[in-house]
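Dumped start_35.pdb below, it's PDB, C-alpha atoms:
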```pdb
ATOM      1  CA  MET A 175       0.000   0.000   0.000  1.00  0.00           C
ATOM      2  CA  ILE A 176       1.188   3.523  -0.717  1.00  0.00           C
ATOM      3  CA  VAL A 177       1.639   5.280   2.601  1.00  0.00           C
ATOM      4  CA  PHE A 178       3.045   8.505   1.173  1.00  0.00           C
ATOM      5  CA  GLN A 179       3.612  10.090  -2.215  1.00  0.00           C
ATOM      6  CA  ASN A 180       4.557  13.518  -3.498  1.00  0.00           C
ATOM      7  CA  GLN A 181       6.186  14.811  -6.682  1.00  0.00           C
ATOM      8  CA  ASN A 182       9.644  13.648  -5.512  1.00  0.00           C
ATOM      9  CA  PHE A 183       9.179  10.157  -4.088  1.00  0.00           C
ATOM     10  CA  SER A 184       6.725   7.477  -3.026  1.00  0.00           C
ATOM     11  CA  ILE A 185       6.829   5.136  -0.054  1.00  0.00           C
ATOM     12  CA  ASN A 186       5.055   1.781  -0.179  1.00  0.00           C
ATOM     13  CA  ILE A 187       4.726  -0.616   2.725  1.00  0.00           C
ATOM     14  CA  SER A 188       3.865  -4.295   2.569  1.00  0.00           C
ATOM     15  CA  GLU A 189       3.164  -5.391   6.126  1.00  0.00           C
ATOM     16  CA  GLU A 190       2.775  -8.985   4.945  1.00  0.00           C
ATOM     17  CA  LYS A 191       6.327  -8.981   3.546  1.00  0.00           C
ATOM     18  CA  SER A 192       7.743  -6.557   6.120  1.00  0.00           C
ATOM     19  CA  LEU A 193       8.955  -4.440   3.181  1.00  0.00           C
ATOM     20  CA  LEU A 194       9.400  -0.719   2.657  1.00  0.00           C
ATOM     21  CA  GLN A 195       9.894   0.479  -0.916  1.00  0.00           C
ATOM     22  CA  LEU A 196      11.159   4.030  -1.380  1.00  0.00           C
ATOM     23  CA  THR A 197      10.974   5.107  -5.026  1.00  0.00           C
ATOM     24  CA  TRP A 198      12.551   8.346  -6.174  1.00  0.00           C
ATOM     25  CA  LEU A 199      10.351   9.812  -8.917  1.00  0.00           C
ATOM     26  CA  LYS A 200      12.776  12.497 -10.100  1.00  0.00           C
ATOM     27  CA  VAL A 201      16.263  13.801  -9.417  1.00  0.00           C
ATOM     28  CA  VAL A 202      15.999  15.671  -6.136  1.00  0.00           C
ATOM     29  CA  SER A 203      17.981  18.297  -4.258  1.00  0.00           C
ATOM     30  CA  SER A 204      19.882  17.506  -1.091  1.00  0.00           C
ATOM     31  CA  GLU A 205      17.082  18.900   1.076  1.00  0.00           C
ATOM     32  CA  GLN A 206      14.435  16.946  -0.835  1.00  0.00           C
ATOM     33  CA  PHE A 207      16.512  13.772  -0.447  1.00  0.00           C
ATOM     34  CA  LYS A 208      16.846  14.328   3.300  1.00  0.00           C
ATOM     35  CA  ALA A 209      13.102  14.932   3.661  1.00  0.00           C
ATOM     36  CA  GLY A 210      12.302  11.742   1.748  1.00  0.00           C
ATOM     37  CA  PHE A 211      14.780   9.599   3.626  1.00  0.00           C
ATOM     38  CA  ARG A 212      13.597  10.964   6.995  1.00  0.00           C
ATOM     39  CA  LYS A 213       9.998  10.136   6.126  1.00  0.00           C
ATOM     40  CA  ALA A 214      10.941   6.635   4.951  1.00  0.00           C
ATOM     41  CA  VAL A 215      12.895   5.958   8.143  1.00  0.00           C
ATOM     42  CA  ASN A 216       9.916   7.074  10.215  1.00  0.00           C
ATOM     43  CA  PHE A 217       7.716   4.559   8.372  1.00  0.00           C
ATOM     44  CA  ALA A 218      10.396   1.863   8.761  1.00  0.00           C
ATOM     45  CA  ILE A 219      10.365   2.482  12.511  1.00  0.00           C
ATOM     46  CA  HIS A 220       6.580   2.566  12.735  1.00  0.00           C
ATOM     47  CA  TYR A 221       6.062  -0.638  10.720  1.00  0.00           C
ATOM     48  CA  GLN A 222       9.265  -2.346  11.963  1.00  0.00           C
ATOM     49  CA  VAL A 223      10.122  -3.527   8.453  1.00  0.00           C
ATOM     50  CA  LYS A 224      12.814  -6.134   7.895  1.00  0.00           C
ATOM     51  CA  TYR A 225      13.423  -5.327   4.230  1.00  0.00           C
ATOM     52  CA  TRP A 226      13.967  -2.038   2.436  1.00  0.00           C
ATOM     53  CA  VAL A 227      14.389  -1.393  -1.261  1.00  0.00           C
ATOM     54  CA  SER A 228      15.349   2.100  -2.392  1.00  0.00           C
ATOM     55  CA  ASP A 229      14.742   2.591  -6.104  1.00  0.00           C
ATOM     56  CA  ASN A 230      17.059   5.329  -7.330  1.00  0.00           C
ATOM     57  CA  ARG A 231      17.198   4.366 -10.998  1.00  0.00           C
ATOM     58  CA  ILE A 232      16.323   7.997 -11.731  1.00  0.00           C
ATOM     59  CA  GLY A 233      19.917   8.808 -10.762  1.00  0.00           C
ATOM     60  CA  THR A 234      19.950  11.217  -7.810  1.00  0.00           C
ATOM     61  CA  GLU A 235      23.571  11.718  -6.783  1.00  0.00           C
ATOM     62  CA  LEU A 236      24.502  12.621  -3.210  1.00  0.00           C
ATOM     63  CA  ASP A 237      27.044  15.366  -2.594  1.00  0.00           C
ATOM     64  CA  LEU A 238      29.632  14.847   0.143  1.00  0.00           C
ATOM     65  CA  SER A 239      27.720  16.728   2.848  1.00  0.00           C
ATOM     66  CA  THR A 240      24.550  14.731   2.094  1.00  0.00           C
ATOM     67  CA  GLN A 241      26.543  11.493   2.226  1.00  0.00           C
ATOM     68  CA  ARG A 242      27.810  12.464   5.687  1.00  0.00           C
ATOM     69  CA  TRP A 243      24.320  13.464   6.798  1.00  0.00           C
ATOM     70  CA  LEU A 244      22.907  10.151   5.530  1.00  0.00           C
ATOM     71  CA  ALA A 245      25.517   8.112   7.408  1.00  0.00           C
ATOM     72  CA  GLU A 246      24.888  10.024  10.654  1.00  0.00           C
ATOM     73  CA  PHE A 247      21.103   9.991  10.348  1.00  0.00           C
ATOM     74  CA  ALA A 248      20.995   6.285   9.474  1.00  0.00           C
ATOM     75  CA  THR A 249      23.371   5.409  12.306  1.00  0.00           C
ATOM     76  CA  GLU A 250      21.196   7.244  14.816  1.00  0.00           C
ATOM     77  CA  ASN A 251      17.793   6.055  13.546  1.00  0.00           C
ATOM     78  CA  LEU A 252      18.024   2.672  11.825  1.00  0.00           C
ATOM     79  CA  PRO A 253      18.732   0.824  15.102  1.00  0.00           C
ATOM     80  CA  GLN A 254      15.115   1.646  16.001  1.00  0.00           C
ATOM     81  CA  THR A 255      13.949  -0.559  13.097  1.00  0.00           C
ATOM     82  CA  SER A 256      13.989  -4.324  12.566  1.00  0.00           C
ATOM     83  CA  LEU A 257      15.945  -3.895   9.330  1.00  0.00           C
ATOM     84  CA  GLU A 258      17.765  -7.002   8.124  1.00  0.00           C
ATOM     85  CA  LYS A 259      18.387  -6.236   4.427  1.00  0.00           C
ATOM     86  CA  PHE A 260      18.641  -3.023   2.426  1.00  0.00           C
ATOM     87  CA  ALA A 261      18.738  -3.100  -1.387  1.00  0.00           C
ATOM     88  CA  ARG A 262      19.536   0.014  -3.402  1.00  0.00           C
ATOM     89  CA  ILE A 263      18.698   0.114  -7.095  1.00  0.00           C
ATOM     90  CA  ILE A 264      20.778   2.536  -9.128  1.00  0.00           C
ATOM     91  CA  PRO A 265      21.491   3.352 -12.773  1.00  0.00           C
ATOM     92  CA  LEU A 266      24.541   1.838 -14.448  1.00  0.00           C
ATOM     93  CA  ASP A 267      26.940   4.393 -13.014  1.00  0.00           C
ATOM     94  CA  ALA A 268      30.233   3.487 -11.341  1.00  0.00           C
ATOM     95  CA  PHE A 269      30.294   6.673  -9.233  1.00  0.00           C
ATOM     96  CA  VAL A 270      26.799   6.110  -7.794  1.00  0.00           C
ATOM     97  CA  HIS A 271      27.745   2.479  -7.114  1.00  0.00           C
ATOM     98  CA  PHE A 272      30.914   3.543  -5.271  1.00  0.00           C
ATOM     99  CA  VAL A 273      29.084   6.187  -3.212  1.00  0.00           C
ATOM    100  CA  SER A 274      26.394   3.676  -2.200  1.00  0.00           C
ATOM    101  CA  TYR A 275      28.974   1.338  -0.669  1.00  0.00           C
ATOM    102  CA  LYS A 276      30.966   4.205   0.823  1.00  0.00           C
ATOM    103  CA  VAL A 277      27.933   5.470   2.749  1.00  0.00           C
ATOM    104  CA  ASN A 278      27.048   1.942   3.860  1.00  0.00           C
ATOM    105  CA  ASP A 279      30.608   1.434   5.119  1.00  0.00           C
ATOM    106  CA  ARG A 280      30.283   4.579   7.240  1.00  0.00           C
ATOM    107  CA  ILE A 281      27.008   3.320   8.683  1.00  0.00           C
ATOM    108  CA  SER A 282      28.415  -0.163   9.363  1.00  0.00           C
ATOM    109  CA  GLN A 283      31.421   1.245  11.219  1.00  0.00           C
ATOM    110  CA  LYS A 284      29.121   3.052  13.647  1.00  0.00           C
ATOM    111  CA  ARG A 285      26.418   0.392  14.137  1.00  0.00           C
ATOM    112  CA  ALA A 286      26.691  -2.626  16.381  1.00  0.00           C
ATOM    113  CA  GLU A 287      23.905  -4.511  14.586  1.00  0.00           C
ATOM    114  CA  ALA A 288      24.703  -4.416  10.905  1.00  0.00           C
ATOM    115  CA  PHE A 289      22.158  -5.170   8.212  1.00  0.00           C
ATOM    116  CA  SER A 290      22.955  -6.699   4.852  1.00  0.00           C
ATOM    117  CA  PHE A 291      23.357  -4.172   2.041  1.00  0.00           C
ATOM    118  CA  GLU A 292      23.600  -4.681  -1.717  1.00  0.00           C
ATOM    119  CA  VAL A 293      23.397  -2.502  -4.814  1.00  0.00           C
ATOM    120  CA  PHE A 294      21.551  -3.562  -7.952  1.00  0.00           C
ATOM    121  CA  THR A 295      20.589  -2.119 -11.323  1.00  0.00           C
ATOM    122  CA  ASP A 296      17.455  -4.247 -11.641  1.00  0.00           C
ATOM    123  CA  MET A 297      14.363  -4.531  -9.391  1.00  0.00           C
ATOM    124  CA  ASP A 298      13.976  -8.276  -9.977  1.00  0.00           C
ATOM    125  CA  GLN A 299      17.542  -8.973  -8.847  1.00  0.00           C
ATOM    126  CA  ALA A 300      17.091  -6.762  -5.798  1.00  0.00           C
ATOM    127  CA  THR A 301      13.872  -8.414  -4.680  1.00  0.00           C
ATOM    128  CA  TYR A 302      15.250 -11.887  -5.319  1.00  0.00           C
ATOM    129  CA  TRP A 303      18.166 -11.053  -3.012  1.00  0.00           C
ATOM    130  CA  LEU A 304      15.916  -9.499  -0.363  1.00  0.00           C
ATOM    131  CA  PHE A 305      13.675 -12.545  -0.123  1.00  0.00           C
ATOM    132  CA  GLU A 306      15.960 -15.377  -1.248  1.00  0.00           C
ATOM    133  CA  ASN A 307      15.712 -17.174   2.096  1.00  0.00           C
ATOM    134  CA  ASN A 308      11.962 -16.855   2.618  1.00  0.00           C
ATOM    135  CA  GLN A 309      10.478 -17.544  -0.840  1.00  0.00           C
ATOM    136  CA  MET A 310       8.735 -14.183  -1.347  1.00  0.00           C
ATOM    137  CA  SER A 311       8.925 -11.660  -4.119  1.00  0.00           C
ATOM    138  CA  ILE A 312       7.833  -8.060  -4.308  1.00  0.00           C
ATOM    139  CA  SER A 313       5.047  -8.881  -6.750  1.00  0.00           C
ATOM    140  CA  ALA A 314       3.749 -11.990  -5.012  1.00  0.00           C
TER     141      ALA A 314
END
```
Please rewrite the model in this file as structure tokens.
Amino acid sequence: MIVFQNQNFSINISEEKSLLQLTWLKVVSSEQFKAGFRKAVNFAIHYQVKYWVSDNRIGTELDLSTQRWLAEFATENLPQTSLEKFARIIPLDAFVHFVSYKVNDRISQKRAEAFSFEVFTDMDQATYWLFENNQMSISA
């Protein structure tokens, strides 16, 4: 079910699958990214999701200050969730791929309970990875 949508992003929750899907609908500014990620984290806390897929195929790139903010914000707030796996879908872009892992490394260094993190260019691959051990898919 869609729990929030505006011109920049949508957030869908499947309580049955314990899944949050954050989809970026256009390239956003740093402030718009922060607002969207904050809102998604609040829903992740409220619904205690285990799985998160962030669809950024639109190609929003994070500047260095936003990367730092993301690492700090995630470190402070994601421990309040039940998150086990986080999949990020990106365009075929080596820089965006590198930044995704760089931010995750910063988060992992500061968190006692790490979650699994992977980057994909395809939704099917991402959802297969998210649910590979419990036989679900995003469309099921």
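Restricting the calculation to all atoms listed in the file, the smallest distance between A:Thr255 and any of A:Glu235, A:Phe291, A:Phe305, A:Leu193 is found for A:Leu193.
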Just so the selection is clear, what residues does the PyMOL selection byres ((chain A and resi 182) around 10) cover here, as a short mmCIF file (atom, residue, chain, number, x, y, z; two decimals) with C-alpha atoms, in the frame of the given file?
```cif
data_model
loop_
_atom_site.label_atom_id
_atom_site.label_comp_id
_atom_site.auth_asym_id
_atom_site.auth_seq_id
_atom_site.Cartn_x
_atom_site.Cartn_y
_atom_site.Cartn_z
CA GLN A 179 3.61 10.09 -2.22
CA ASN A 180 4.56 13.52 -3.50
CA GLN A 181 6.19 14.81 -6.68
CA PHE A 183 9.18 10.16 -4.09
CA SER A 184 6.72 7.48 -3.03
CA THR A 197 10.97 5.11 -5.03
CA TRP A 198 12.55 8.35 -6.17
CA LEU A 199 10.35 9.81 -8.92
CA LYS A 200 12.78 12.50 -10.10
CA VAL A 201 16.26 13.80 -9.42
CA VAL A 202 16.00 15.67 -6.14
CA SER A 203 17.98 18.30 -4.26
CA GLN A 206 14.44 16.95 -0.84
CA PHE A 207 16.51 13.77 -0.45
CA ALA A 209 13.10 14.93 3.66
CA GLY A 210 12.30 11.74 1.75
#
```
On this structure, which residues satisfy the PyMOL selection byres ((chain A and resi 195) around 7), written as a PyMOL selection string?
chain A and resi 185-187+193-194+196-197+226-228
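Of the residues under consideration (A:Ile232, A:Pro253, A:Phe247, A:Phe260), A:Phe260 shows the shortest atom-to-atom contact distance to A:Ser290 when counting all atoms listed in the file.
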Mind pulling up the distance from atom CA of A:Ser256 to atom CA of A:Val223?
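Atom CA of A:Ser256 lies at a distance of 5.7 Å from atom CA of A:Val223.
Separating atom CA of A:Ala288 from atom CA of A:Arg231 is a distance of 24.8 Å.
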Nearest to A:Gln254: which of A:Gln241, A:Asn216, A:Asn230, A:Ser204 is it, counting only C-alpha atoms?
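Of A:Gln241, A:Asn216, A:Asn230, A:Ser204, the one nearest A:Gln254 is A:Asn216, counting only C-alpha atoms.
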Running the PyMOL selection byres ((chain A and resi 251) around 12) on this model by hand, what would come out? Give it as a VMD selection string.
chain A and resid 211 to 220 243 to 250 252 to 257 281 284 to 285
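Each of A:Ser192, A:Glu306, A:Ile263, A:Glu205 was compared to A:Asp229 using all atoms listed in the file, and A:Ile263 turns out to be the nearest.
For the atom pair formed by atom CA of A:Arg262 and atom CA of A:Met297, the distance is 9.1 Å, given to one decimal.
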Between A:Glu190, A:Phe289, A:Thr295, A:Lys208, which residue has the minimum interatomic distance to A:Gly233, considering all atoms listed in the file?
A:Thr295
Using all atoms listed in the file: which of A:Ala261, A:Arg242, A:Ser188, A:Thr234 has the shortest distance to A:Leu304:
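Closest candidate: A:Ala261.
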